Amino acid sequence: MPGEAQQAWETPNVGRASGISFKTDRGQLATTVRPRGLLQKLAYKVDGFLVRQIRKLQPSDLKEPHELVHDLTAFASSDDYRAYRNNPGDLFPAPGRIDVKKRWLAPHRVGFAEWNWHSVHPLIFNDIEHVYRSHRDNQTALLRTLNFRIKGKPMAILVNGFSSGHHLMERIAWPIREFNRQGIGVSLFALPFHGPRGHAFPPEWPQQDTAFTIEGFRQAIWDLQTAIRAMREAGASHVGVVGMSLGGYTAALLATVTSNVDFVLSYIPIASIPDIMHDNDLVPGSGDIQRTLYQGYREQLVPITPVCRMPKVESKRVAIISGEFDRLATVNHGKRLADHFGTELITFPGGHLVQNKRAKAFRKALEGFQDAGVLPRKRWKRSSRRVSKTSAARANAGQ
């Protein structure tokens with residue numbers, strides 16, 4: 001039960017990851033459906049290539065496994081860590097009145113307008129303040145709308161996946177046409193250290209420093225709450241958050257932090273950062289050291305793991321979409337999130353990169369929100385050409 005997971009980490013005497021329903025067997029999260037047909041096989045093979053390439057991505061300052069174990073142990077014994085585990089109410093504070101600036105964009109730019117604000121959330125891990133604050137570009141949060149008119153319109157804030165976030169890429173990565181068909185406007189949001197907010201590849205967040213990783217998610221939630229307020233103040237009738245991959249994890253996390261969001265859609269999402277590392281052999285080292293690191297990451301990230309927190313958004317306002325042949329964020333990650341939020345898991349016959357027939361999955365999710373009364377139905381307008389033909393037919397009939 002979600003409430004039991006929340007209680008497990010909020011209570012100091014019980015706050016152990018062993019009390020949470022994490023998966024520990026790598027085989028349990030493997031793709032179970034066999035691909036058939038050219039596109040399905042292509043999606044499966046491309047994802048296999050993606051996983052192999054991710055294993056090769058290593059930051060220049062990557063520490064040795066035994067050093068990482070030492071860091072995890074030292075981190076777990078710090079006062080800041082104990083406060084992080086024992087004071088859940090301070091983990092995701094609500095932003096105050098932040099000055100949000102809007103500017104109109106030139107015709108050749110992606111979108112019509114951009115909102116930006118100074119993003120300096122209150123850190124809880126003081127030891128990393130200098131390093132975290134040294135990334136100046138990350139201190140400017142960005143929200144770019146692809147619709148000229150917002151007032152009276154439902155808006156979806158789209159949250160990028162890992163190593164993405166550039167506006168042109170995001171414009172292509174999302175099924176924007178499907179949102180438009182449902183009468184929903186879209187705004188592009190860049191995660192911390194991604195897109196215009198960072199210049200490293202791979203991105204500097206999430207990373208091997210657990211405190212840094214935690215602070216990145218805290219900043220993302222801080223900024224998303226500000227983005228929701230900006231859209232509401234611009235006149236949007238409804239505001240939702242839709243995240244892809246790492247952004248899907250972040251959107252699910254938001255749904256455990258605040259109820260001040262009209263709908264949440266997690267697309268090809270991750271359910272647990274340590275589990276996806278474990279599933280894809282991304283935990284450094286081997287044998288006992290690798291196992292120790294995996295268990296340590298799993299333990300220390302419990303308070304920011306969506307499936308270990310109480311949902312704040314009712315189930316009819318949450319949708320989860322997974323690819324049947326996704327080999328990175330497997331369909332079982334989506335199932336765990338769907339079970340946790342009490343909603344249906346929607347699947348499509350594609351993978352993480354080759355997203356075959358994803359538009360149908362988005363249509364089902366968005367129409368599901370409409371059927372549940374979460375979103376208004378689009379008022380379809382007959383084209384002037386069709387109206388003129390109808391009028392002519394009626395005139396001929398009257399002659």
# chains A, B, ... in the order shown; residues from 1 in each chain; ligands from 1
call {"tool": "select_by_dssp", "arguments": {"residues": "segment 85-334 of chain A", "states": "alpha helix (DSSP H)", "output": "PyMOL selection string"}}
result
chain A and resi 85-86+129-133+167-173+176-181+210-233+246-254+273-279+287-300+331-334
call {"tool": "residues_around", "arguments": {"residues": "Met155 of chain A", "least_positions_apart": "5", "cutoff": "7 Å", "atoms": "only C-alpha atoms", "output": "number ranges by chain"}}
result
A: 184-186, 236, 238-240
call {"tool": "write_last_selection", "arguments": {"atoms": "C-alpha atoms", "output": "PDB file, in the first residue's frame"}}
result
ATOM      1  CA  ILE A 184      -4.181  20.918 -25.045  1.00  0.00           C
ATOM      2  CA  GLY A 185      -1.383  23.466 -25.290  1.00  0.00           C
ATOM      3  CA  VAL A 186       2.192  22.550 -24.426  1.00  0.00           C
ATOM      4  CA  ALA A 236      -4.550  28.299 -18.305  1.00  0.00           C
ATOM      5  CA  HIS A 238      -5.941  23.308 -16.392  1.00  0.00           C
ATOM      6  CA  VAL A 239      -2.235  22.610 -15.874  1.00  0.00           C
ATOM      7  CA  GLY A 240      -0.658  19.171 -16.018  1.00  0.00           C
TER       8      GLY A 240
END
call {"tool": "atom_distance", "arguments": {"atom1": "atom CA of Ala338 of chain A", "atom2": "atom CA of Lys312 of chain A"}}
result
14.2 Å
call {"tool": "select_by_dssp", "arguments": {"residues": "segment 206-249 of chain A", "states": "strand (DSSP E or B)", "output": "MDAnalysis selection string"}}
result
chainID A and resid 238:244
call {"tool": "write_last_selection", "arguments": {"atoms": "C-alpha atoms", "output": "mmCIF file, in the first residue's frame"}}
result
data_model
loop_
_atom_site.group_PDB
_atom_site.id
_atom_site.type_symbol
_atom_site.label_atom_id
_atom_site.label_comp_id
_atom_site.auth_asym_id
_atom_site.auth_seq_id
_atom_site.Cartn_x
_atom_site.Cartn_y
_atom_site.Cartn_z
ATOM 1 C CA HIS A 238 -5.941 23.308 -16.392
ATOM 2 C CA VAL A 239 -2.235 22.610 -15.874
ATOM 3 C CA GLY A 240 -0.658 19.171 -16.018
ATOM 4 C CA VAL A 241 2.850 17.740 -16.048
ATOM 5 C CA VAL A 242 3.924 15.141 -18.611
ATOM 6 C CA GLY A 243 7.390 13.609 -18.282
ATOM 7 C CA MET A 244 9.461 11.275 -20.464
#
call {"tool": "closest_atom_pairs", "arguments": {"of": "segment 46-109 of chain A", "to": "segment 315-336 of chain A", "cutoff": "9 Å", "atoms": "only C-alpha atoms", "output": "Markdown table"}}
result
| residue | atom | partner | partner_atom | distance |
| --- | --- | --- | --- | --- |
| A:Asp47 | CA | A:Arg327 | CA | 5.6 |
| A:Gly48 | CA | A:Arg327 | CA | 6.5 |
| A:Leu50 | CA | A:Leu328 | CA | 8.1 |
| A:Val51 | CA | A:Leu328 | CA | 6.5 |
call {"tool": "residues_around", "arguments": {"residues": "Thr305 of chain A", "least_positions_apart": "4", "cutoff": "9 Å", "atoms": "only C-alpha atoms", "output": "VMD selection string"}}
result
chain A and resid 249 252 to 253 271 to 273 301 309
call {"tool": "residues_around", "arguments": {"residues": "segment 137-140 of chain A", "least_positions_apart": "6", "cutoff": "9 Å", "atoms": "only C-alpha atoms", "output": "PyMOL selection string"}}
result
chain A and resi 116-120+192-194+196-199
call {"tool": "write_last_selection", "arguments": {"atoms": "N, CA and C atoms", "output": "mmCIF file, in the first residue's frame"}}
result
data_model
loop_
_atom_site.group_PDB
_atom_site.id
_atom_site.type_symbol
_atom_site.label_atom_id
_atom_site.label_comp_id
_atom_site.auth_asym_id
_atom_site.auth_seq_id
_atom_site.Cartn_x
_atom_site.Cartn_y
_atom_site.Cartn_z
ATOM 1 N N ASN A 116 11.186 32.645 -17.547
ATOM 2 C CA ASN A 116 12.413 32.241 -16.853
ATOM 3 C C ASN A 116 12.421 32.850 -15.459
ATOM 4 N N TRP A 117 13.111 32.206 -14.554
ATOM 5 C CA TRP A 117 13.214 32.701 -13.192
ATOM 6 C C TRP A 117 14.499 32.190 -12.550
ATOM 7 N N HIS A 118 14.902 32.879 -11.506
ATOM 8 C CA HIS A 118 16.114 32.504 -10.781
ATOM 9 C C HIS A 118 15.802 31.287 -9.921
ATOM 10 N N SER A 119 16.483 30.180 -10.193
ATOM 11 C CA SER A 119 16.197 28.917 -9.516
ATOM 12 C C SER A 119 17.280 28.621 -8.474
ATOM 13 N N VAL A 120 17.010 28.997 -7.236
ATOM 14 C CA VAL A 120 17.935 28.719 -6.132
ATOM 15 C C VAL A 120 17.100 28.148 -4.989
ATOM 16 N N PRO A 192 16.960 20.255 -14.360
ATOM 17 C CA PRO A 192 18.259 20.780 -13.925
ATOM 18 C C PRO A 192 19.421 20.110 -14.662
ATOM 19 N N PHE A 193 20.400 20.928 -15.038
ATOM 20 C CA PHE A 193 21.631 20.473 -15.690
ATOM 21 C C PHE A 193 21.391 19.859 -17.066
ATOM 22 N N HIS A 194 20.233 20.099 -17.654
ATOM 23 C CA HIS A 194 19.915 19.572 -18.981
ATOM 24 C C HIS A 194 19.587 20.732 -19.935
ATOM 25 N N PRO A 196 19.527 23.912 -22.016
ATOM 26 C CA PRO A 196 20.199 25.200 -21.810
ATOM 27 C C PRO A 196 20.759 25.375 -20.388
ATOM 28 N N ARG A 197 20.403 24.468 -19.484
ATOM 29 C CA ARG A 197 20.841 24.592 -18.089
ATOM 30 C C ARG A 197 22.124 23.818 -17.799
ATOM 31 N N GLY A 198 22.727 23.247 -18.814
ATOM 32 C CA GLY A 198 23.967 22.502 -18.622
ATOM 33 C C GLY A 198 24.643 22.260 -19.955
ATOM 34 N N HIS A 199 25.953 22.051 -19.932
ATOM 35 C CA HIS A 199 26.704 21.893 -21.177
ATOM 36 C C HIS A 199 27.555 20.634 -21.192
#
call {"tool": "atom_distance", "arguments": {"atom1": "atom CA of Ala94 of chain A", "atom2": "atom CA of His121 of chain A"}}
result
9.8 Å
call {"tool": "residues_around", "arguments": {"residues": "segment 283-295 of chain A", "least_positions_apart": "5", "cutoff": "6 Å", "atoms": "only C-alpha atoms", "output": "ChimeraX atom specification"}}
result
/A:65,277-278
call {"tool": "write_last_selection", "arguments": {"atoms": "C-alpha atoms", "output": "PDB file, in the first residue's frame"}}
result
ATOM      1  CA  PRO A  65      34.023   1.452  -6.571  1.00  0.00           C
ATOM      2  CA  MET A 277      21.116   1.024 -12.691  1.00  0.00           C
ATOM      3  CA  HIS A 278      20.985  -2.540 -11.393  1.00  0.00           C
TER       4      HIS A 278
END
call {"tool": "closest_residue", "arguments": {"among": "A:Phe201, A:Phe348, A:Phe263, A:Phe49", "to": "Asn280 of chain A", "atoms": "only C-alpha atoms"}}
result
A:Phe49
call {"tool": "decode", "arguments": {"residues": "segment 283-301 of chain A", "atoms": "C-alpha atoms", "output": "CSV table (one decimal), in the first residue's frame"}}
result
chain,number,residue,atom,x,y,z
A,283,VAL,CA,26.3,0.0,-10.8
A,284,PRO,CA,30.1,0.3,-10.7
A,285,GLY,CA,32.3,-2.6,-9.6
A,286,SER,CA,31.4,-6.3,-9.4
A,287,GLY,CA,30.5,-8.9,-6.8
A,288,ASP,CA,30.1,-7.8,-3.2
A,289,ILE,CA,31.2,-4.2,-3.9
A,290,GLN,CA,28.6,-3.8,-6.6
A,291,ARG,CA,25.9,-5.3,-4.4
A,292,THR,CA,26.9,-3.0,-1.5
A,293,LEU,CA,26.7,0.1,-3.8
A,294,TYR,CA,23.3,-1.0,-5.2
A,295,GLN,CA,21.8,-1.5,-1.7
A,296,GLY,CA,23.4,1.7,-0.5
A,297,TYR,CA,21.9,3.8,-3.4
A,298,ARG,CA,18.6,2.0,-2.9
A,299,GLU,CA,18.5,2.8,0.8
A,300,GLN,CA,19.6,6.4,0.5
A,301,LEU,CA,17.2,7.4,-2.3
